[in-house]
>>> print(open('target16.pdb').read())   # PDB, C-alpha atoms and all ligand atoms
ATOM      1  CA  MET A 170      -6.933  17.989  -0.271  1.00  0.00           C
ATOM      2  CA  LYS A 171      -9.143  15.449   1.456  1.00  0.00           C
ATOM      3  CA  ASP A 172      -8.740  14.304   5.034  1.00  0.00           C
ATOM      4  CA  ASN A 173      -7.889  10.638   4.420  1.00  0.00           C
ATOM      5  CA  ILE A 174      -4.930   8.798   5.926  1.00  0.00           C
ATOM      6  CA  ILE A 175      -3.067   6.981   3.154  1.00  0.00           C
ATOM      7  CA  LEU A 176      -0.638   4.145   3.802  1.00  0.00           C
ATOM      8  CA  ILE A 177       1.982   3.319   1.184  1.00  0.00           C
ATOM      9  CA  GLY A 178       4.967   0.983   1.186  1.00  0.00           C
ATOM     10  CA  PHE A 179       6.347  -2.298  -0.054  1.00  0.00           C
ATOM     11  CA  MET A 180       4.428  -5.579   0.092  1.00  0.00           C
ATOM     12  CA  GLY A 181       4.510  -6.900   3.641  1.00  0.00           C
ATOM     13  CA  CYS A 182       5.403  -3.544   5.237  1.00  0.00           C
ATOM     14  CA  GLY A 183       2.307  -3.747   7.458  1.00  0.00           C
ATOM     15  CA  LYS A 184      -0.117  -1.411   5.639  1.00  0.00           C
ATOM     16  CA  SER A 185      -3.073  -3.727   6.227  1.00  0.00           C
ATOM     17  CA  SER A 186      -2.416  -4.469   9.909  1.00  0.00           C
ATOM     18  CA  VAL A 187      -1.654  -0.810  10.646  1.00  0.00           C
ATOM     19  CA  GLY A 188      -4.737   0.258   8.687  1.00  0.00           C
ATOM     20  CA  ILE A 189      -7.045  -2.105  10.542  1.00  0.00           C
ATOM     21  CA  ARG A 190      -5.746  -0.939  13.912  1.00  0.00           C
ATOM     22  CA  LEU A 191      -5.992   2.738  12.978  1.00  0.00           C
ATOM     23  CA  SER A 192      -9.476   2.214  11.657  1.00  0.00           C
ATOM     24  CA  TYR A 193     -10.513   0.701  14.996  1.00  0.00           C
ATOM     25  CA  GLN A 194      -8.848   3.392  17.087  1.00  0.00           C
ATOM     26  CA  LEU A 195      -9.896   6.395  15.053  1.00  0.00           C
ATOM     27  CA  ARG A 196     -13.312   4.957  14.179  1.00  0.00           C
ATOM     28  CA  ARG A 197     -12.707   5.539  10.508  1.00  0.00           C
ATOM     29  CA  THR A 198     -13.548   3.095   7.737  1.00  0.00           C
ATOM     30  CA  MET A 199     -10.632   1.372   6.064  1.00  0.00           C
ATOM     31  CA  ILE A 200     -10.324   0.829   2.336  1.00  0.00           C
ATOM     32  CA  ASP A 201      -7.717  -1.436   0.778  1.00  0.00           C
ATOM     33  CA  THR A 202      -7.186  -0.760  -2.943  1.00  0.00           C
ATOM     34  CA  ASP A 203      -6.404  -4.455  -3.622  1.00  0.00           C
ATOM     35  CA  LYS A 204      -9.649  -5.569  -1.956  1.00  0.00           C
ATOM     36  CA  TRP A 205     -11.583  -2.786  -3.694  1.00  0.00           C
ATOM     37  CA  ILE A 206     -10.310  -4.021  -7.080  1.00  0.00           C
ATOM     38  CA  GLU A 207     -10.955  -7.680  -6.230  1.00  0.00           C
ATOM     39  CA  GLN A 208     -14.543  -6.897  -5.283  1.00  0.00           C
ATOM     40  CA  ARG A 209     -15.159  -4.855  -8.409  1.00  0.00           C
ATOM     41  CA  GLN A 210     -13.584  -7.410 -10.728  1.00  0.00           C
ATOM     42  CA  LYS A 211     -14.926 -10.405  -8.788  1.00  0.00           C
ATOM     43  CA  LYS A 212     -11.449 -11.923  -9.193  1.00  0.00           C
ATOM     44  CA  THR A 213      -8.361 -12.284  -7.033  1.00  0.00           C
ATOM     45  CA  ILE A 214      -5.253 -10.190  -7.740  1.00  0.00           C
ATOM     46  CA  SER A 215      -3.501 -13.356  -8.952  1.00  0.00           C
ATOM     47  CA  GLN A 216      -6.318 -14.072 -11.415  1.00  0.00           C
ATOM     48  CA  ILE A 217      -6.230 -10.485 -12.706  1.00  0.00           C
ATOM     49  CA  PHE A 218      -2.445 -10.669 -13.258  1.00  0.00           C
ATOM     50  CA  GLN A 219      -2.776 -14.048 -14.940  1.00  0.00           C
ATOM     51  CA  GLU A 220      -5.746 -13.276 -17.171  1.00  0.00           C
ATOM     52  CA  SER A 221      -5.264  -9.587 -17.981  1.00  0.00           C
ATOM     53  CA  GLY A 222      -1.628  -8.818 -17.137  1.00  0.00           C
ATOM     54  CA  GLU A 223       0.055  -6.333 -14.801  1.00  0.00           C
ATOM     55  CA  GLU A 224      -0.621  -3.239 -16.936  1.00  0.00           C
ATOM     56  CA  ALA A 225      -4.383  -3.843 -16.796  1.00  0.00           C
ATOM     57  CA  PHE A 226      -4.120  -4.158 -13.017  1.00  0.00           C
ATOM     58  CA  ARG A 227      -2.196  -0.863 -12.822  1.00  0.00           C
ATOM     59  CA  GLN A 228      -4.963   0.830 -14.801  1.00  0.00           C
ATOM     60  CA  MET A 229      -7.511  -0.529 -12.293  1.00  0.00           C
ATOM     61  CA  GLU A 230      -5.450   0.972  -9.457  1.00  0.00           C
ATOM     62  CA  THR A 231      -5.563   4.421 -11.092  1.00  0.00           C
ATOM     63  CA  GLU A 232      -9.321   4.111 -11.625  1.00  0.00           C
ATOM     64  CA  CYS A 233      -9.713   3.106  -8.000  1.00  0.00           C
ATOM     65  CA  LEU A 234      -7.859   6.263  -6.853  1.00  0.00           C
ATOM     66  CA  LYS A 235     -10.004   8.462  -9.085  1.00  0.00           C
ATOM     67  CA  GLU A 236     -13.165   6.988  -7.647  1.00  0.00           C
ATOM     68  CA  LEU A 237     -11.901   7.321  -4.081  1.00  0.00           C
ATOM     69  CA  ILE A 238     -11.230  11.017  -4.699  1.00  0.00           C
ATOM     70  CA  ARG A 239     -14.918  11.348  -5.536  1.00  0.00           C
ATOM     71  CA  THR A 240     -16.225   9.233  -2.680  1.00  0.00           C
ATOM     72  CA  ALA A 241     -13.810   8.854   0.251  1.00  0.00           C
ATOM     73  CA  ASP A 242     -13.224  11.280   3.091  1.00  0.00           C
ATOM     74  CA  ARG A 243     -11.975  10.773   6.658  1.00  0.00           C
ATOM     75  CA  GLN A 244     -11.038   7.203   5.855  1.00  0.00           C
ATOM     76  CA  ILE A 245      -7.938   5.043   6.116  1.00  0.00           C
ATOM     77  CA  ILE A 246      -6.706   3.985   2.676  1.00  0.00           C
ATOM     78  CA  SER A 247      -4.108   1.263   2.271  1.00  0.00           C
ATOM     79  CA  VAL A 248      -2.725   1.080  -1.266  1.00  0.00           C
ATOM     80  CA  GLY A 249      -1.035  -1.783  -3.154  1.00  0.00           C
ATOM     81  CA  GLY A 250       2.786  -1.752  -3.046  1.00  0.00           C
ATOM     82  CA  GLY A 251       3.194  -0.922  -6.732  1.00  0.00           C
ATOM     83  CA  LEU A 252       0.559   1.802  -6.974  1.00  0.00           C
ATOM     84  CA  PRO A 253       2.844   4.783  -6.261  1.00  0.00           C
ATOM     85  CA  MET A 254       5.120   3.713  -9.139  1.00  0.00           C
ATOM     86  CA  ARG A 255       2.761   5.189 -11.718  1.00  0.00           C
ATOM     87  CA  GLU A 256       3.546   8.849 -12.050  1.00  0.00           C
ATOM     88  CA  GLU A 257      -0.047   9.715 -12.787  1.00  0.00           C
ATOM     89  CA  ASN A 258      -0.975   8.396  -9.337  1.00  0.00           C
ATOM     90  CA  HIS A 259       1.215  10.855  -7.415  1.00  0.00           C
ATOM     91  CA  GLU A 260      -1.111  13.816  -7.837  1.00  0.00           C
ATOM     92  CA  LEU A 261      -4.090  11.586  -7.098  1.00  0.00           C
ATOM     93  CA  LEU A 262      -2.530  10.379  -3.843  1.00  0.00           C
ATOM     94  CA  LYS A 263      -1.781  13.957  -2.793  1.00  0.00           C
ATOM     95  CA  GLU A 264      -5.327  14.976  -3.557  1.00  0.00           C
ATOM     96  CA  LEU A 265      -6.672  12.055  -1.555  1.00  0.00           C
ATOM     97  CA  GLY A 266      -5.006  12.895   1.759  1.00  0.00           C
ATOM     98  CA  ARG A 267      -1.921  12.695   3.937  1.00  0.00           C
ATOM     99  CA  VAL A 268       0.505  10.022   2.752  1.00  0.00           C
ATOM    100  CA  PHE A 269       2.420   7.874   5.274  1.00  0.00           C
ATOM    101  CA  TYR A 270       5.217   5.637   3.992  1.00  0.00           C
ATOM    102  CA  LEU A 271       5.917   2.558   6.105  1.00  0.00           C
ATOM    103  CA  LYS A 272       9.578   1.933   5.392  1.00  0.00           C
ATOM    104  CA  VAL A 273      10.897  -1.566   6.124  1.00  0.00           C
ATOM    105  CA  THR A 274      14.010  -3.587   5.263  1.00  0.00           C
ATOM    106  CA  PRO A 275      14.052  -6.311   2.584  1.00  0.00           C
ATOM    107  CA  GLU A 276      14.700  -8.857   5.368  1.00  0.00           C
ATOM    108  CA  THR A 277      11.519  -7.822   7.208  1.00  0.00           C
ATOM    109  CA  VAL A 278       9.526  -8.151   3.997  1.00  0.00           C
ATOM    110  CA  TYR A 279      10.997 -11.565   3.218  1.00  0.00           C
ATOM    111  CA  GLU A 280      10.168 -12.932   6.670  1.00  0.00           C
ATOM    112  CA  ARG A 281       6.571 -11.777   6.319  1.00  0.00           C
ATOM    113  CA  VAL A 282       5.864 -12.898   2.777  1.00  0.00           C
ATOM    114  CA  LYS A 283       7.995 -15.994   2.299  1.00  0.00           C
ATOM    115  CA  ASN A 284       5.053 -18.392   2.607  1.00  0.00           C
ATOM    116  CA  ASP A 285       2.546 -16.183   0.837  1.00  0.00           C
ATOM    117  CA  THR A 286       1.208 -17.262  -2.548  1.00  0.00           C
ATOM    118  CA  THR A 287      -1.180 -14.358  -3.178  1.00  0.00           C
ATOM    119  CA  ARG A 288       1.412 -11.864  -4.481  1.00  0.00           C
ATOM    120  CA  PRO A 289       2.151 -12.690  -8.125  1.00  0.00           C
ATOM    121  CA  LEU A 290       5.312 -10.552  -8.267  1.00  0.00           C
ATOM    122  CA  LEU A 291       6.967 -12.661  -5.575  1.00  0.00           C
ATOM    123  CA  GLN A 292       6.191 -16.092  -7.052  1.00  0.00           C
ATOM    124  CA  VAL A 293       9.739 -16.487  -8.370  1.00  0.00           C
ATOM    125  CA  GLU A 294      12.637 -18.799  -7.653  1.00  0.00           C
ATOM    126  CA  ASP A 295      14.535 -16.251  -5.581  1.00  0.00           C
ATOM    127  CA  PRO A 296      12.014 -13.977  -3.830  1.00  0.00           C
ATOM    128  CA  MET A 297      14.695 -12.273  -1.708  1.00  0.00           C
ATOM    129  CA  GLU A 298      16.530 -11.114  -4.834  1.00  0.00           C
ATOM    130  CA  ARG A 299      13.244  -9.890  -6.343  1.00  0.00           C
ATOM    131  CA  ILE A 300      12.409  -8.003  -3.136  1.00  0.00           C
ATOM    132  CA  ARG A 301      15.817  -6.286  -3.109  1.00  0.00           C
ATOM    133  CA  THR A 302      15.656  -5.261  -6.775  1.00  0.00           C
ATOM    134  CA  LEU A 303      12.083  -4.008  -6.605  1.00  0.00           C
ATOM    135  CA  MET A 304      12.723  -2.170  -3.363  1.00  0.00           C
ATOM    136  CA  GLU A 305      15.776  -0.406  -4.709  1.00  0.00           C
ATOM    137  CA  LYS A 306      13.688   0.944  -7.572  1.00  0.00           C
ATOM    138  CA  ARG A 307      10.697   1.798  -5.455  1.00  0.00           C
ATOM    139  CA  ALA A 308      12.149   3.294  -2.268  1.00  0.00           C
ATOM    140  CA  PRO A 309      12.999   6.708  -3.809  1.00  0.00           C
ATOM    141  CA  VAL A 310       9.529   6.925  -5.346  1.00  0.00           C
ATOM    142  CA  TYR A 311       7.809   6.066  -2.041  1.00  0.00           C
ATOM    143  CA  GLU A 312       9.902   8.739  -0.345  1.00  0.00           C
ATOM    144  CA  ALA A 313       9.033  11.334  -2.960  1.00  0.00           C
ATOM    145  CA  CYS A 314       5.317  10.562  -2.595  1.00  0.00           C
ATOM    146  CA  ALA A 315       5.242  10.615   1.190  1.00  0.00           C
ATOM    147  CA  ASP A 316       4.316  13.441   3.542  1.00  0.00           C
ATOM    148  CA  VAL A 317       5.677  11.364   6.423  1.00  0.00           C
ATOM    149  CA  ILE A 318       8.260   8.547   6.383  1.00  0.00           C
ATOM    150  CA  LEU A 319       8.086   6.034   9.236  1.00  0.00           C
ATOM    151  CA  GLU A 320      10.984   3.634   9.752  1.00  0.00           C
ATOM    152  CA  ALA A 321       8.724   0.735  10.603  1.00  0.00           C
ATOM    153  CA  SER A 322      10.943  -2.382  10.772  1.00  0.00           C
ATOM    154  CA  ASP A 323      11.831  -1.922  14.445  1.00  0.00           C
ATOM    155  CA  LEU A 324       8.545  -0.474  15.647  1.00  0.00           C
ATOM    156  CA  THR A 325       5.585  -2.377  17.068  1.00  0.00           C
ATOM    157  CA  LEU A 326       2.154  -2.061  15.549  1.00  0.00           C
ATOM    158  CA  GLU A 327       1.150   0.095  18.526  1.00  0.00           C
ATOM    159  CA  GLU A 328       4.114   2.443  18.046  1.00  0.00           C
ATOM    160  CA  ILE A 329       3.418   2.884  14.345  1.00  0.00           C
ATOM    161  CA  THR A 330      -0.269   3.620  14.807  1.00  0.00           C
ATOM    162  CA  GLU A 331       0.498   6.028  17.636  1.00  0.00           C
ATOM    163  CA  LYS A 332       2.913   7.956  15.421  1.00  0.00           C
ATOM    164  CA  ILE A 333       0.349   8.173  12.636  1.00  0.00           C
ATOM    165  CA  GLU A 334      -2.301   9.361  15.068  1.00  0.00           C
ATOM    166  CA  ARG A 335       0.093  12.089  16.168  1.00  0.00           C
ATOM    167  CA  ASN A 336       0.474  12.903  12.478  1.00  0.00           C
ATOM    168  CA  GLY A 337       3.880  11.347  12.115  1.00  0.00           C
ATOM    169  CA  LYS A 338       5.560  13.135  15.019  1.00  0.00           C
TER     170      LYS A 338
HETATM  171  C1  LIG A 401       1.908  -5.350  -5.550  1.00  0.00           C
HETATM  172  C2  LIG A 401       1.504  -5.337  -4.238  1.00  0.00           C
HETATM  173  C3  LIG A 401       0.269  -6.013  -3.778  1.00  0.00           C
HETATM  174  C4  LIG A 401      -0.746  -6.095  -4.925  1.00  0.00           C
HETATM  175  C5  LIG A 401      -0.116  -6.738  -6.124  1.00  0.00           C
HETATM  176  C6  LIG A 401       1.103  -5.970  -6.640  1.00  0.00           C
HETATM  177  C7  LIG A 401       3.186  -4.660  -5.912  1.00  0.00           C
HETATM  178  O1  LIG A 401      -0.302  -5.287  -2.691  1.00  0.00           O
HETATM  179  O2  LIG A 401      -1.237  -4.823  -5.258  1.00  0.00           O
HETATM  180  O3  LIG A 401       0.239  -8.052  -5.793  1.00  0.00           O
HETATM  181  O4  LIG A 401       3.414  -4.377  -7.096  1.00  0.00           O
HETATM  182  O5  LIG A 401       3.983  -4.385  -4.980  1.00  0.00           O
HETATM  183  P1  LIG A 401       0.321  -5.288  -1.188  1.00  0.00           P
HETATM  184  O6  LIG A 401       1.384  -4.227  -1.155  1.00  0.00           O
HETATM  185  O7  LIG A 401      -0.839  -4.933  -0.342  1.00  0.00           O
HETATM  186  O8  LIG A 401       0.860  -6.642  -0.935  1.00  0.00           O
END
>>> encode(input="target16.pdb", output="structure tokens")
Amino acid sequence: MKDNIILIGFMGCGKSSVGIRLSYQLRRTMIDTDKWIEQRQKKTISQIFQESGEEAFRQMETECLKELIRTADRQIISVGGGLPMREENHELLKELGRVFYLKVTPETVYERVKNDTTRPLLQVEDPMERIRTLMEKRAPVYEACADVILEASDLTLEEITEKIERNGK
């Protein structure tokens, strides 16, 4: 297993903000799988969903993990909210490093993403309902994938990063 710190969790759970802060404090580079894919494809996530569909995007996520296994070590890796849902990705995540799940409530997610237009899965009439349904399906999978589960809704950014630095304790 490689020595990367991997952040998983639902859209809006804070993976990016936590990752950036950890990267600064631990002096490790941060990689975001969404950004990695956008750079490779020279398209935004919304464009990829629109032009090629969700399944094509999921395939790109798996390819991204495979490449990171070859190239990334001692880095912070924040992964898209849907990535752990592909069974094939579980082994890849384990191989890539220690997996931290940032667990938040649907209400926290809604507050953070309600004005966001960059997440195709939430561009629906009733985003709160979509968040609840998706989260219900995903939460058990996130938990199964995680080495450490952090209840993050009531913690500050500082508290979360501190816990991760102490390896989840
Ligand atoms: C998705 C989450 C997004 C992005 C895409 C799909 C999902 O990443 O990969 O819009 O299925 O939950 P974030 O979790 O970084 O928002």
>>> resolve_selection(input="target16.pdb", expression="the PyMOL selection byres (((chain A and resi 266) around 6) and not hetatm)", output="list in words")
Met170, Lys171, Asp172, Asn173, Ile174, Lys263, Glu264, Leu265 and Arg267 of chain A
>>> closest_atom_pairs(input="target16.pdb", of="range 263-296 of chain A", to="range 187-194 of chain A", cutoff="12 Å", atoms="all atoms listed in the file", output="JSON lines")
{"residue": "A:Phe269", "atom": "CA", "partner": "A:Val187", "partner_atom": "CA", "distance": 11.0}
{"residue": "A:Tyr270", "atom": "CA", "partner": "A:Val187", "partner_atom": "CA", "distance": 11.5}
{"residue": "A:Leu271", "atom": "CA", "partner": "A:Val187", "partner_atom": "CA", "distance": 9.4}
>>> closest_atom_pairs(input="target16.pdb", of="chain A", to="ligand LIG 401 (chain A)", cutoff="10 Å", atoms="all atoms listed in the file", output="tab-separated table")
residue	atom	partner	partner_atom	distance
A:Leu176	CA	A:LIG401	O6	9.9
A:Ile177	CA	A:LIG401	O6	7.9
A:Gly178	CA	A:LIG401	O6	6.7
A:Phe179	CA	A:LIG401	O6	5.4
A:Met180	CA	A:LIG401	O6	3.6
A:Gly181	CA	A:LIG401	O8	5.9
A:Cys182	CA	A:LIG401	O6	7.6
A:Gly183	CA	A:LIG401	O7	8.5
A:Lys184	CA	A:LIG401	O7	7.0
A:Ser185	CA	A:LIG401	O7	7.0
A:Asp201	CA	A:LIG401	O7	7.8
A:Thr202	CA	A:LIG401	O2	7.6
A:Asp203	CA	A:LIG401	O2	5.4
A:Lys204	CA	A:LIG401	O7	9.0
A:Ile206	CA	A:LIG401	O2	9.3
A:Thr213	CA	A:LIG401	O3	9.7
A:Ile214	CA	A:LIG401	O3	6.2
A:Ser215	CA	A:LIG401	O3	7.2
A:Ile217	CA	A:LIG401	C5	9.7
A:Phe218	CA	A:LIG401	O3	8.4
A:Glu223	CA	A:LIG401	C6	8.2
A:Phe226	CA	A:LIG401	O2	8.3
A:Arg227	CA	A:LIG401	O2	8.6
A:Glu230	CA	A:LIG401	O2	8.3
A:Ser247	CA	A:LIG401	O7	7.5
A:Val248	CA	A:LIG401	O7	6.4
A:Gly249	CA	A:LIG401	O1	3.6
A:Gly250	CA	A:LIG401	O6	3.4
A:Gly251	CA	A:LIG401	O4	3.5
A:Leu252	CA	A:LIG401	O4	6.8
A:Pro253	CA	A:LIG401	O4	9.2
A:Met254	CA	A:LIG401	O4	8.5
A:Val282	CA	A:LIG401	O8	8.8
A:Asp285	CA	A:LIG401	O8	9.8
A:Thr286	CA	A:LIG401	O3	9.8
A:Thr287	CA	A:LIG401	O3	7.0
A:Arg288	CA	A:LIG401	O3	4.2
A:Pro289	CA	A:LIG401	O3	5.5
A:Leu290	CA	A:LIG401	O3	6.2
A:Leu291	CA	A:LIG401	O3	8.2
A:Ile300	CA	A:LIG401	O5	9.4
A:Leu303	CA	A:LIG401	O5	8.3
A:Met304	CA	A:LIG401	O5	9.2
A:Arg307	CA	A:LIG401	O5	9.1
>>> residues_near_point(input="target16.pdb", point="(7.0, 12.7, -5.0)", cutoff="10 Å", atoms="only C-alpha atoms", output="list in words")
Pro253, Glu256, His259, Glu260, Leu262, Lys263, Pro309, Val310, Tyr311, Glu312, Ala313, Cys314, Ala315 and Asp316 of chain A
>>> write_last_selection(input="target16.pdb", atoms="C-alpha atoms", output="compact mmCIF listing (two decimals), in the coordinates of the input")
# COMPACT_ATOMS: atom_id res chain seq x y z
CA PRO A 253 2.84 4.78 -6.26
CA GLU A 256 3.55 8.85 -12.05
CA HIS A 259 1.22 10.86 -7.42
CA GLU A 260 -1.11 13.82 -7.84
CA LEU A 262 -2.53 10.38 -3.84
CA LYS A 263 -1.78 13.96 -2.79
CA PRO A 309 13.00 6.71 -3.81
CA VAL A 310 9.53 6.92 -5.35
CA TYR A 311 7.81 6.07 -2.04
CA GLU A 312 9.90 8.74 -0.34
CA ALA A 313 9.03 11.33 -2.96
CA CYS A 314 5.32 10.56 -2.60
CA ALA A 315 5.24 10.62 1.19
CA ASP A 316 4.32 13.44 3.54
>>> resolve_selection(input="target16.pdb", expression="the PyMOL selection byres (((chain A and resi 275) around 8) and not hetatm)", output="PyMOL selection string")
chain A and resi 273-274+276-279+297+300-301+304
